[in-house]
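K.L.:
Got entry02.cif for you, mmCIF, C-alpha atoms:
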```
data_data
#
loop_
_atom_site.group_PDB
_atom_site.id
_atom_site.type_symbol
_atom_site.label_atom_id
_atom_site.label_comp_id
_atom_site.auth_asym_id
_atom_site.auth_seq_id
_atom_site.Cartn_x
_atom_site.Cartn_y
_atom_site.Cartn_z
ATOM 1 C CA MET A 1461 -29.658 -6.515 10.830
ATOM 2 C CA ASP A 1462 -30.371 -9.318 13.251
ATOM 3 C CA MET A 1463 -29.948 -7.874 16.745
ATOM 4 C CA SER A 1464 -28.785 -11.107 18.291
ATOM 5 C CA ASP A 1465 -26.045 -11.434 15.692
ATOM 6 C CA GLU A 1466 -25.015 -7.847 16.300
ATOM 7 C CA GLU A 1467 -24.906 -8.489 20.010
ATOM 8 C CA LEU A 1468 -22.920 -11.698 19.581
ATOM 9 C CA GLN A 1469 -20.373 -9.984 17.344
ATOM 10 C CA ARG A 1470 -20.061 -7.077 19.764
ATOM 11 C CA LYS A 1471 -19.487 -9.482 22.660
ATOM 12 C CA MET A 1472 -16.913 -11.456 20.683
ATOM 13 C CA GLU A 1473 -15.009 -8.258 19.968
ATOM 14 C CA ALA A 1474 -15.145 -7.240 23.605
ATOM 15 C CA GLY A 1475 -13.946 -10.698 24.667
ATOM 16 C CA ASP A 1476 -17.091 -11.269 26.756
ATOM 17 C CA HIS A 1477 -18.367 -14.701 27.658
ATOM 18 C CA LEU A 1478 -20.845 -16.168 25.160
ATOM 19 C CA ASP A 1479 -23.519 -18.755 25.752
ATOM 20 C CA ALA A 1480 -23.304 -22.261 24.320
ATOM 21 C CA SER A 1481 -25.649 -21.722 21.400
ATOM 22 C CA ALA A 1482 -24.805 -22.881 17.890
ATOM 23 C CA ASP A 1483 -24.468 -19.259 16.783
ATOM 24 C CA ALA A 1484 -22.022 -18.478 19.559
ATOM 25 C CA GLU A 1485 -19.995 -21.586 18.828
ATOM 26 C CA ALA A 1486 -19.862 -20.733 15.123
ATOM 27 C CA TYR A 1487 -18.821 -17.140 15.889
ATOM 28 C CA ARG A 1488 -16.051 -18.362 18.181
ATOM 29 C CA LYS A 1489 -14.680 -20.456 15.342
ATOM 30 C CA VAL A 1490 -15.045 -17.640 12.818
ATOM 31 C CA PHE A 1491 -13.326 -15.051 15.028
ATOM 32 C CA SER A 1492 -10.496 -17.399 15.882
ATOM 33 C CA SER A 1493 -9.995 -18.236 12.189
ATOM 34 C CA LEU A 1494 -9.996 -14.575 11.221
ATOM 35 C CA GLN A 1495 -6.980 -13.991 13.483
ATOM 36 C CA ARG A 1496 -5.020 -16.728 11.742
ATOM 37 C CA GLU A 1497 -2.175 -15.626 9.491
ATOM 38 C CA PRO A 1498 -2.785 -16.454 5.809
ATOM 39 C CA GLU A 1499 -0.487 -18.998 4.225
ATOM 40 C CA PHE A 1500 1.078 -16.479 1.870
ATOM 41 C CA MET A 1501 4.306 -15.055 3.243
ATOM 42 C CA LEU A 1502 6.951 -13.009 1.531
ATOM 43 C CA SER A 1503 10.217 -14.743 0.753
ATOM 44 C CA SER A 1504 13.192 -14.180 3.056
ATOM 45 C CA SER A 1505 15.001 -12.384 0.234
ATOM 46 C CA PHE A 1506 12.096 -9.980 -0.380
ATOM 47 C CA GLU A 1507 13.746 -6.990 1.318
ATOM 48 C CA ASP A 1508 17.105 -7.493 -0.439
ATOM 49 C CA LEU A 1509 15.473 -7.975 -3.839
ATOM 50 C CA LEU A 1510 13.481 -4.803 -3.377
ATOM 51 C CA ILE A 1511 16.537 -2.760 -2.368
ATOM 52 C CA GLN A 1512 18.383 -4.170 -5.408
ATOM 53 C CA ARG A 1513 15.474 -3.198 -7.632
ATOM 54 C CA ILE A 1514 15.530 0.348 -6.268
ATOM 55 C CA ALA A 1515 19.308 0.571 -6.739
ATOM 56 C CA ALA A 1516 18.935 -0.672 -10.322
ATOM 57 C CA GLN A 1517 16.255 1.921 -10.960
ATOM 58 C CA HIS A 1518 18.492 4.655 -9.527
ATOM 59 C CA ALA A 1519 21.367 3.544 -11.758
ATOM 60 C CA LYS A 1520 19.085 3.562 -14.795
ATOM 61 C CA GLU A 1521 17.798 7.030 -13.936
ATOM 62 C CA SER A 1522 21.338 8.367 -13.363
ATOM 63 C CA TYR A 1523 22.423 6.974 -16.721
ATOM 64 C CA ARG A 1524 19.422 8.549 -18.449
ATOM 65 C CA ASP A 1525 19.962 11.866 -16.602
ATOM 66 C CA GLY A 1526 23.613 11.810 -17.668
ATOM 67 C CA TRP A 1527 22.624 11.552 -21.315
ATOM 68 C CA TRP A 1528 20.047 14.319 -20.925
ATOM 69 C CA PHE A 1529 22.735 16.490 -19.328
ATOM 70 C CA ILE A 1530 25.211 15.841 -22.146
ATOM 71 C CA GLY A 1531 22.487 16.487 -24.750
ATOM 72 C CA GLY A 1532 21.460 19.705 -23.013
ATOM 73 C CA LEU A 1533 25.060 20.901 -22.762
ATOM 74 C CA PHE A 1534 25.640 20.137 -26.422
ATOM 75 C CA LEU A 1535 22.502 22.036 -27.481
ATOM 76 C CA PHE A 1536 23.465 24.926 -25.222
ATOM 77 C CA LEU A 1537 26.901 25.167 -26.848
ATOM 78 C CA ILE A 1538 25.387 25.025 -30.326
ATOM 79 C CA GLY A 1539 22.880 27.715 -29.402
ATOM 80 C CA PHE A 1540 25.621 29.827 -27.855
ATOM 81 C CA ILE A 1541 27.794 29.622 -30.956
ATOM 82 C CA VAL A 1542 24.839 30.339 -33.281
ATOM 83 C CA ALA A 1543 23.895 33.357 -31.153
ATOM 84 C CA LEU A 1544 27.489 34.677 -31.266
ATOM 85 C CA VAL A 1545 27.537 34.362 -35.025
ATOM 86 C CA LEU A 1546 24.075 35.909 -35.496
ATOM 87 C CA ILE A 1547 24.763 38.991 -33.369
ATOM 88 C CA ASP A 1548 28.239 39.313 -34.739
ATOM 89 C CA PHE A 1549 29.624 39.297 -31.208
ATOM 90 C CA LYS A 1550 32.846 41.154 -30.399
ATOM 91 C CA PRO A 1551 34.437 41.134 -26.921
ATOM 92 C CA THR A 1552 34.923 44.860 -27.159
ATOM 93 C CA MET A 1553 31.117 45.512 -27.093
ATOM 94 C CA GLY A 1554 29.882 47.968 -24.373
ATOM 95 C CA VAL A 1555 29.173 46.044 -21.183
ATOM 96 C CA TYR A 1556 31.821 43.388 -21.824
ATOM 97 C CA THR A 1557 34.549 46.003 -21.755
ATOM 98 C CA PHE A 1558 33.173 47.096 -18.369
ATOM 99 C CA ILE A 1559 32.979 43.533 -16.959
ATOM 100 C CA ALA A 1560 36.496 42.777 -18.129
ATOM 101 C CA GLY A 1561 37.655 45.341 -15.583
ATOM 102 C CA TYR A 1562 36.128 43.333 -12.673
ATOM 103 C CA PRO A 1563 37.144 39.677 -13.081
ATOM 104 C CA GLY A 1564 36.720 39.070 -9.317
ATOM 105 C CA LEU A 1565 33.046 40.054 -9.506
ATOM 106 C CA ILE A 1566 32.374 37.497 -12.222
ATOM 107 C CA ILE A 1567 34.166 34.722 -10.352
ATOM 108 C CA PHE A 1568 32.320 35.619 -7.118
ATOM 109 C CA GLY A 1569 28.959 35.603 -8.942
ATOM 110 C CA MET A 1570 29.555 32.165 -10.422
ATOM 111 C CA ILE A 1571 30.705 30.666 -7.094
ATOM 112 C CA PHE A 1572 27.735 32.294 -5.313
ATOM 113 C CA ILE A 1573 25.201 30.737 -7.717
ATOM 114 C CA LEU A 1574 26.859 27.309 -7.439
ATOM 115 C CA VAL A 1575 26.822 27.446 -3.614
ATOM 116 C CA LEU A 1576 23.164 28.515 -3.606
ATOM 117 C CA ASN A 1577 22.222 25.576 -5.830
ATOM 118 C CA TYR A 1578 24.188 23.180 -3.644
ATOM 119 C CA ILE A 1579 22.478 24.406 -0.460
ATOM 120 C CA ASP A 1580 19.082 24.179 -2.136
ATOM 121 C CA LYS A 1581 19.632 20.607 -3.276
ATOM 122 C CA LYS A 1582 21.316 19.372 -0.122
ATOM 123 C CA PHE A 1583 19.302 21.048 2.642
ATOM 124 C CA ILE A 1584 16.305 23.104 1.562
ATOM 125 C CA ARG A 1585 14.523 20.613 -0.752
ATOM 126 C CA PRO A 1586 14.712 17.636 1.666
ATOM 127 C CA ILE A 1587 13.348 19.780 4.543
ATOM 128 C CA SER A 1588 10.483 21.222 2.503
ATOM 129 C CA SER A 1589 9.473 17.811 1.173
ATOM 130 C CA MET B 861 3.491 10.063 14.101
ATOM 131 C CA THR B 862 6.809 11.554 15.243
ATOM 132 C CA ASP B 863 8.490 8.262 14.406
ATOM 133 C CA ASP B 864 6.798 8.337 11.010
ATOM 134 C CA ARG B 865 8.156 11.838 10.385
ATOM 135 C CA ALA B 866 11.690 10.832 11.312
ATOM 136 C CA LEU B 867 11.508 7.685 9.203
ATOM 137 C CA VAL B 868 10.085 9.466 6.156
ATOM 138 C CA SER B 869 12.685 12.218 6.445
ATOM 139 C CA ARG B 870 15.502 9.627 6.514
ATOM 140 C CA ILE B 871 14.084 7.794 3.496
ATOM 141 C CA ILE B 872 13.810 11.030 1.510
ATOM 142 C CA SER B 873 17.416 11.851 2.280
ATOM 143 C CA GLY B 874 18.398 8.495 0.743
ATOM 144 C CA ASP B 875 18.887 6.327 3.846
ATOM 145 C CA ALA B 876 18.438 2.740 2.604
ATOM 146 C CA GLN B 877 18.381 1.371 6.166
ATOM 147 C CA ALA B 878 15.377 3.574 6.903
ATOM 148 C CA PHE B 879 13.547 2.140 3.908
ATOM 149 C CA ARG B 880 14.436 -1.374 5.033
ATOM 150 C CA LEU B 881 12.850 -0.509 8.368
ATOM 151 C CA LEU B 882 9.697 0.702 6.602
ATOM 152 C CA ILE B 883 9.548 -2.577 4.672
ATOM 153 C CA ARG B 884 9.930 -4.631 7.851
ATOM 154 C CA GLN B 885 7.259 -2.592 9.630
ATOM 155 C CA ASN B 886 4.725 -2.964 6.815
ATOM 156 C CA GLU B 887 5.495 -6.193 4.964
ATOM 157 C CA ARG B 888 2.939 -8.230 6.910
ATOM 158 C CA LEU B 889 0.236 -5.662 6.230
ATOM 159 C CA VAL B 890 1.003 -5.595 2.505
ATOM 160 C CA ALA B 891 1.292 -9.383 2.319
ATOM 161 C CA HIS B 892 -2.057 -9.781 4.090
ATOM 162 C CA MET B 893 -3.797 -7.427 1.687
ATOM 163 C CA VAL B 894 -2.240 -8.848 -1.473
ATOM 164 C CA GLY B 895 -2.424 -12.447 -0.232
ATOM 165 C CA ARG B 896 -6.136 -12.154 0.505
ATOM 166 C CA LEU B 897 -7.180 -10.334 -2.661
ATOM 167 C CA ILE B 898 -4.963 -11.971 -5.267
ATOM 168 C CA ASP B 899 -5.471 -15.642 -5.961
ATOM 169 C CA ARG B 900 -2.549 -16.294 -8.295
ATOM 170 C CA ALA B 901 0.439 -17.169 -6.125
ATOM 171 C CA GLU B 902 2.890 -16.200 -8.903
ATOM 172 C CA ASP B 903 1.597 -12.617 -8.951
ATOM 173 C CA ARG B 904 1.618 -11.966 -5.222
ATOM 174 C CA GLU B 905 5.288 -11.379 -4.419
ATOM 175 C CA GLU B 906 5.819 -9.231 -7.500
ATOM 176 C CA LEU B 907 2.776 -7.189 -6.620
ATOM 177 C CA CYS B 908 4.102 -6.682 -3.085
ATOM 178 C CA GLN B 909 7.361 -5.436 -4.609
ATOM 179 C CA ASP B 910 5.423 -3.044 -6.844
ATOM 180 C CA VAL B 911 3.589 -1.720 -3.778
ATOM 181 C CA PHE B 912 6.840 -0.907 -1.977
ATOM 182 C CA MET B 913 8.345 0.580 -5.139
ATOM 183 C CA LYS B 914 5.354 2.919 -5.327
ATOM 184 C CA VAL B 915 5.745 3.738 -1.636
ATOM 185 C CA TYR B 916 9.407 4.618 -2.276
ATOM 186 C CA GLU B 917 8.541 6.803 -5.278
ATOM 187 C CA LYS B 918 5.698 8.622 -3.543
ATOM 188 C CA ILE B 919 7.086 8.911 -0.005
ATOM 189 C CA GLY B 920 7.778 12.616 -0.528
ATOM 190 C CA GLU B 921 4.051 13.157 -1.098
ATOM 191 C CA PHE B 922 3.021 11.589 2.227
ATOM 192 C CA ASN B 923 1.336 14.392 4.192
ATOM 193 C CA PHE B 924 1.161 12.825 7.707
ATOM 194 C CA GLN B 925 -2.634 13.179 7.813
ATOM 195 C CA SER B 926 -2.787 9.487 8.705
ATOM 196 C CA GLN B 927 -0.428 6.846 10.060
ATOM 197 C CA LEU B 928 2.276 5.788 7.641
ATOM 198 C CA SER B 929 1.012 2.197 7.779
ATOM 199 C CA THR B 930 -2.482 3.360 6.769
ATOM 200 C CA TRP B 931 -0.993 5.179 3.770
ATOM 201 C CA VAL B 932 1.019 2.071 2.804
ATOM 202 C CA ALA B 933 -2.137 -0.045 3.126
ATOM 203 C CA THR B 934 -3.983 2.394 0.839
ATOM 204 C CA ILE B 935 -1.347 1.913 -1.848
ATOM 205 C CA ALA B 936 -1.458 -1.873 -1.373
ATOM 206 C CA TYR B 937 -5.250 -1.902 -1.635
ATOM 207 C CA ARG B 938 -5.265 0.226 -4.812
ATOM 208 C CA HIS B 939 -2.550 -1.889 -6.378
ATOM 209 C CA ALA B 940 -4.438 -5.082 -5.640
ATOM 210 C CA ILE B 941 -7.695 -3.629 -6.998
ATOM 211 C CA ASN B 942 -5.961 -2.365 -10.163
ATOM 212 C CA HIS B 943 -4.406 -5.785 -10.636
ATOM 213 C CA LEU B 944 -7.822 -7.452 -10.374
ATOM 214 C CA ARG B 945 -9.257 -4.952 -12.864
ATOM 215 C CA LYS B 946 -6.401 -5.654 -15.275
ATOM 216 C CA LYS B 947 -7.160 -9.357 -15.008
ATOM 217 C CA LYS B 948 -10.851 -8.540 -15.595
ATOM 218 C CA ILE B 949 -11.899 -10.052 -12.281
ATOM 219 C CA PRO B 950 -15.246 -8.486 -11.254
ATOM 220 C CA ILE B 951 -14.940 -6.435 -8.072
ATOM 221 C CA SER B 952 -17.305 -3.532 -8.323
ATOM 222 C CA ASP B 953 -20.542 -4.632 -6.720
ATOM 223 C CA ILE B 954 -21.577 -6.638 -3.719
ATOM 224 C CA PRO B 955 -24.123 -9.160 -4.974
ATOM 225 C CA GLU B 956 -27.764 -8.724 -3.977
ATOM 226 C CA GLU B 957 -27.773 -9.420 -0.238
ATOM 227 C CA ASP B 958 -30.499 -12.083 0.224
ATOM 228 C CA GLN B 959 -29.655 -13.898 -2.979
ATOM 229 C CA PHE B 960 -25.932 -13.919 -2.227
ATOM 230 C CA THR B 961 -26.393 -15.016 1.389
ATOM 231 C CA SER B 962 -28.541 -18.005 0.504
ATOM 232 C CA HIS B 963 -26.229 -18.891 -2.384
ATOM 233 C CA PHE B 964 -23.105 -18.566 -0.225
ATOM 234 C CA ILE B 965 -24.476 -20.661 2.612
ATOM 235 C CA ALA B 966 -26.143 -23.262 0.421
ATOM 236 C CA ASP B 967 -23.140 -23.835 -1.804
ATOM 237 C CA ASP B 968 -20.538 -26.230 -0.573
ATOM 238 C CA GLN B 969 -17.707 -23.734 -0.959
ATOM 239 C CA THR B 970 -15.032 -26.144 0.132
ATOM 240 C CA ASP B 971 -14.491 -29.784 0.851
ATOM 241 C CA SER B 972 -16.285 -31.296 3.776
ATOM 242 C CA LEU B 973 -15.359 -30.226 7.276
ATOM 243 C CA ALA B 974 -14.442 -33.725 8.252
ATOM 244 C CA GLU B 975 -11.430 -33.572 5.989
ATOM 245 C CA GLN B 976 -9.947 -30.382 7.381
ATOM 246 C CA ASP B 977 -9.954 -28.272 10.471
ATOM 247 C CA THR B 978 -12.497 -25.497 10.896
ATOM 248 C CA GLU B 979 -9.948 -22.687 10.648
ATOM 249 C CA GLU B 980 -8.784 -23.981 7.300
ATOM 250 C CA TYR B 981 -12.400 -24.223 6.229
ATOM 251 C CA VAL B 982 -13.139 -20.624 7.241
ATOM 252 C CA LEU B 983 -10.031 -19.373 5.407
ATOM 253 C CA LYS B 984 -11.277 -21.092 2.271
ATOM 254 C CA LEU B 985 -14.708 -19.553 2.757
ATOM 255 C CA ILE B 986 -13.113 -16.113 3.005
ATOM 256 C CA GLY B 987 -11.596 -16.743 -0.392
ATOM 257 C CA HIS B 988 -15.101 -16.978 -1.833
ATOM 258 C CA LEU B 989 -16.315 -13.700 -0.332
ATOM 259 C CA PRO B 990 -16.557 -10.474 -2.378
ATOM 260 C CA VAL B 991 -13.371 -8.397 -2.451
ATOM 261 C CA GLN B 992 -14.827 -5.665 -0.239
ATOM 262 C CA TYR B 993 -15.701 -8.178 2.487
ATOM 263 C CA LYS B 994 -12.270 -9.798 2.319
ATOM 264 C CA THR B 995 -10.633 -6.392 2.593
ATOM 265 C CA VAL B 996 -12.479 -5.213 5.679
ATOM 266 C CA LEU B 997 -12.083 -8.585 7.411
ATOM 267 C CA THR B 998 -8.339 -8.599 6.764
ATOM 268 C CA LEU B 999 -7.710 -5.024 7.814
ATOM 269 C CA TYR B 1000 -9.841 -5.308 10.935
ATOM 270 C CA HIS B 1001 -8.915 -8.737 12.236
ATOM 271 C CA LEU B 1002 -5.370 -9.274 10.987
ATOM 272 C CA ASP B 1003 -3.969 -5.772 10.909
ATOM 273 C CA GLY B 1004 -5.884 -4.220 13.779
ATOM 274 C CA LYS B 1005 -7.162 -1.246 11.799
ATOM 275 C CA ASN B 1006 -10.237 0.575 13.100
ATOM 276 C CA TYR B 1007 -13.313 1.571 11.080
ATOM 277 C CA THR B 1008 -11.985 5.053 10.333
ATOM 278 C CA GLU B 1009 -8.646 3.744 9.103
ATOM 279 C CA ILE B 1010 -10.330 1.081 6.965
ATOM 280 C CA GLY B 1011 -12.509 3.849 5.501
ATOM 281 C CA GLU B 1012 -9.387 5.868 4.659
ATOM 282 C CA ILE B 1013 -7.708 2.882 3.046
ATOM 283 C CA THR B 1014 -10.645 1.719 0.961
ATOM 284 C CA GLY B 1015 -12.475 4.984 0.402
ATOM 285 C CA MET B 1016 -15.655 3.469 1.865
ATOM 286 C CA PRO B 1017 -17.799 5.441 4.321
ATOM 287 C CA GLU B 1018 -17.381 4.283 7.931
ATOM 288 C CA GLY B 1019 -20.966 3.008 8.059
ATOM 289 C CA THR B 1020 -20.326 0.832 5.006
ATOM 290 C CA VAL B 1021 -17.209 -0.588 6.616
ATOM 291 C CA LYS B 1022 -19.176 -1.546 9.745
ATOM 292 C CA ASN B 1023 -21.958 -3.003 7.636
ATOM 293 C CA TYR B 1024 -19.626 -5.078 5.450
ATOM 294 C CA LEU B 1025 -17.760 -6.351 8.493
ATOM 295 C CA PHE B 1026 -20.992 -7.417 10.146
ATOM 296 C CA ARG B 1027 -22.347 -9.062 7.001
ATOM 297 C CA ALA B 1028 -19.116 -10.851 6.197
ATOM 298 C CA ARG B 1029 -18.814 -12.314 9.693
ATOM 299 C CA ASN B 1030 -22.495 -13.211 9.655
ATOM 300 C CA LEU B 1031 -22.101 -15.056 6.346
ATOM 301 C CA LEU B 1032 -19.121 -16.977 7.649
ATOM 302 C CA LYS B 1033 -20.955 -17.817 10.853
ATOM 303 C CA GLU B 1034 -23.995 -19.131 8.992
ATOM 304 C CA SER B 1035 -21.829 -21.234 6.756
ATOM 305 C CA VAL B 1036 -19.778 -22.632 9.623
ATOM 306 C CA LYS B 1037 -22.933 -23.320 11.612
ATOM 307 C CA LYS B 1038 -24.456 -25.191 8.731
ATOM 308 C CA HIS B 1039 -21.383 -27.321 8.284
ATOM 309 C CA LEU B 1040 -20.985 -27.982 11.943
ATOM 310 C CA GLY B 1041 -24.553 -29.278 11.830
ATOM 311 C CA LYS B 1042 -25.452 -27.631 15.070
ATOM 312 C CA GLU B 1043 -28.803 -26.176 14.111
ATOM 313 C CA GLU B 1044 -30.477 -29.303 15.417
ATOM 314 C CA TRP B 1045 -29.035 -28.686 18.887
ATOM 315 C CA ILE B 1046 -30.943 -25.466 19.471
#
```
Here is the file; what I need is its structure written in the form of structure tokens.
P.N.:
Amino acid sequence: MDMSDEELQRKMEAGDHLDASADAEAYRKVFSSLQREPEFMLSSSFEDLLIQRIAAQHAKESYRDGWWFIGGLFLFLIGFIVALVLIDFKPTMGVYTFIAGYPGLIIFGMIFILVLNYIDKKFIRPISS
Amino acid sequence: MTDDRALVSRIISGDAQAFRLLIRQNERLVAHMVGRLIDRAEDREELCQDVFMKVYEKIGEFNFQSQLSTWVATIAYRHAINHLRKKKIPISDIPEEDQFTSHFIADDQTDSLAEQDTEEYVLKLIGHLPVQYKTVLTLYHLDGKNYTEIGEITGMPEGTVKNYLFRARNLLKESVKKHLGKEEWI
């Protein structure tokens, strides 16, 4: 590296006074040009268009998720029915007779799981991410 | 950094105003990077949108090891580089130093100085520099990033950043000097 060029660049950065040499003059012009904003600027509607694009993507994802959910539910029901048929299910089988005596426990269990999932989605996941 | 944390947290929780704020804070930086590296005007705005879309998708992965703006600039830089690769524009190597310097200075890269102001002339010269030089010049002079931050954004070692910055400014100086015709004055 040319030491004088290094020195000139260092002085330009520090805002020190430079001599009147051709190198110094050229560096002054280069440094001043480098601070100049390029011609390309984003359009005034850039922010709105981007937010619209994100909203559209969300809508598309929600729609797709909805179909996945319906498909999953449908498959679950099919599987459930097939399982009932295959095991020849009867509501009078062992544990079911026992559970039937505690309907409150079942309702509490279902509500508890739903609340846990809600708290996880609403509070715990955003904090951890 | 605390502001970054608050902003990122709001964006993750779905606050659109927070994301608008992120766009406003970083749009100049992204526009500088894309504007300098991508020549086709039609591609620039769309590419800037793609950058912010990626930022929105990946914001949950931001680990606060750097400033948020540095992370956004990294995504902008990678997007611009990928775009150039897709268009098969060569970007990988800096040409052989001596050969490139003499070629760059000797070639009349733009119209004559008499027809335009020097700043315009230098901006056109920058357009003819290798991508790596354009990147470090833009990040350092327009966006006020330091060597370490430029290294993080581009993946270049800090020494390389310093070297490229020096060489790029030196090339521009030599070219401007030649066109100003001031060598005779010394």
K.L.:
Report as a Markdown table the residues of chain B within 9 Å of chain A, each with its shortest atom pair and distance in Å (one decimal), using only C-alpha atoms, ordered by chain and increasing residue number.
P.N.:
```
| residue | atom | partner | partner_atom | distance |
| --- | --- | --- | --- | --- |
| B:Ser869 | CA | A:Pro1586 | CA | 7.5 |
| B:Ile872 | CA | A:Pro1586 | CA | 6.7 |
| B:Ser873 | CA | A:Pro1586 | CA | 6.4 |
| B:Ala876 | CA | A:Ile1511 | CA | 7.7 |
| B:Phe879 | CA | A:Ile1511 | CA | 8.5 |
| B:Arg880 | CA | A:Glu1507 | CA | 6.8 |
| B:Ile883 | CA | A:Glu1507 | CA | 7.0 |
| B:Arg884 | CA | A:Glu1507 | CA | 7.9 |
| B:Glu887 | CA | A:Leu1502 | CA | 7.8 |
| B:Arg888 | CA | A:Met1501 | CA | 7.9 |
| B:Ala891 | CA | A:Met1501 | CA | 6.5 |
| B:His892 | CA | A:Pro1498 | CA | 6.9 |
| B:Val894 | CA | A:Phe1500 | CA | 9.0 |
| B:Gly895 | CA | A:Phe1500 | CA | 5.7 |
| B:Arg896 | CA | A:Pro1498 | CA | 7.6 |
| B:Ala901 | CA | A:Phe1500 | CA | 8.1 |
| B:Arg904 | CA | A:Phe1500 | CA | 8.4 |
| B:Glu905 | CA | A:Leu1502 | CA | 6.4 |
| B:Cys908 | CA | A:Leu1502 | CA | 8.3 |
| B:Gln909 | CA | A:Leu1510 | CA | 6.3 |
| B:Asp910 | CA | A:Leu1510 | CA | 8.9 |
| B:Phe912 | CA | A:Leu1510 | CA | 7.8 |
| B:Met913 | CA | A:Ile1514 | CA | 7.3 |
| B:Tyr916 | CA | A:Ile1514 | CA | 8.5 |
| B:Gly920 | CA | A:Ser1589 | CA | 5.7 |
| B:Glu921 | CA | A:Ser1589 | CA | 7.5 |
| B:Thr978 | CA | A:Lys1489 | CA | 7.1 |
| B:Glu979 | CA | A:Ser1493 | CA | 4.7 |
| B:Glu980 | CA | A:Ser1493 | CA | 7.6 |
| B:Tyr981 | CA | A:Ser1493 | CA | 8.8 |
| B:Val982 | CA | A:Ser1493 | CA | 6.3 |
| B:Leu983 | CA | A:Ser1493 | CA | 6.9 |
| B:Ile986 | CA | A:Leu1494 | CA | 8.9 |
| B:Leu997 | CA | A:Leu1494 | CA | 7.4 |
| B:Thr998 | CA | A:Leu1494 | CA | 7.6 |
| B:His1001 | CA | A:Gln1495 | CA | 5.7 |
| B:Leu1002 | CA | A:Gln1495 | CA | 5.6 |
| B:Phe1026 | CA | A:Glu1466 | CA | 7.4 |
| B:Arg1027 | CA | A:Met1461 | CA | 8.6 |
| B:Arg1029 | CA | A:Val1490 | CA | 7.2 |
| B:Asn1030 | CA | A:Asp1465 | CA | 7.2 |
| B:Leu1032 | CA | A:Val1490 | CA | 6.6 |
| B:Lys1033 | CA | A:Ala1486 | CA | 5.3 |
| B:Glu1034 | CA | A:Ala1486 | CA | 7.6 |
| B:Ser1035 | CA | A:Ala1486 | CA | 8.6 |
| B:Val1036 | CA | A:Ala1486 | CA | 5.8 |
| B:Lys1037 | CA | A:Ala1486 | CA | 5.3 |
| B:Leu1040 | CA | A:Ala1486 | CA | 8.0 |
| B:Gly1041 | CA | A:Ala1482 | CA | 8.8 |
| B:Lys1042 | CA | A:Ala1482 | CA | 5.6 |
| B:Glu1043 | CA | A:Ala1482 | CA | 6.4 |
| B:Glu1044 | CA | A:Ala1482 | CA | 8.9 |
| B:Trp1045 | CA | A:Ala1482 | CA | 7.3 |
| B:Ile1046 | CA | A:Ser1481 | CA | 6.8 |
```
K.L.:
As an exercise, work out the distance from CA of Met1472 (chain A) to CA of His988 (chain B) in Å and give it to one decimal place.
P.N.:
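Answer for the CA of Met1472 (chain A) to CA of His988 (chain B) separation: 23.3 Å.
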K.L.:
Between CA of Val932 (chain B) and CA of Leu881 (chain B), what is the spacing in Å?
P.N.:
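CA of Val932 (chain B) lies 13.3 Å from CA of Leu881 (chain B).
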K.L.:
At what distance in Å, to one decimal, does CA of Thr1020 (chain B) lie from CA of Asp899 (chain B)?
P.N.:
24.7 Å
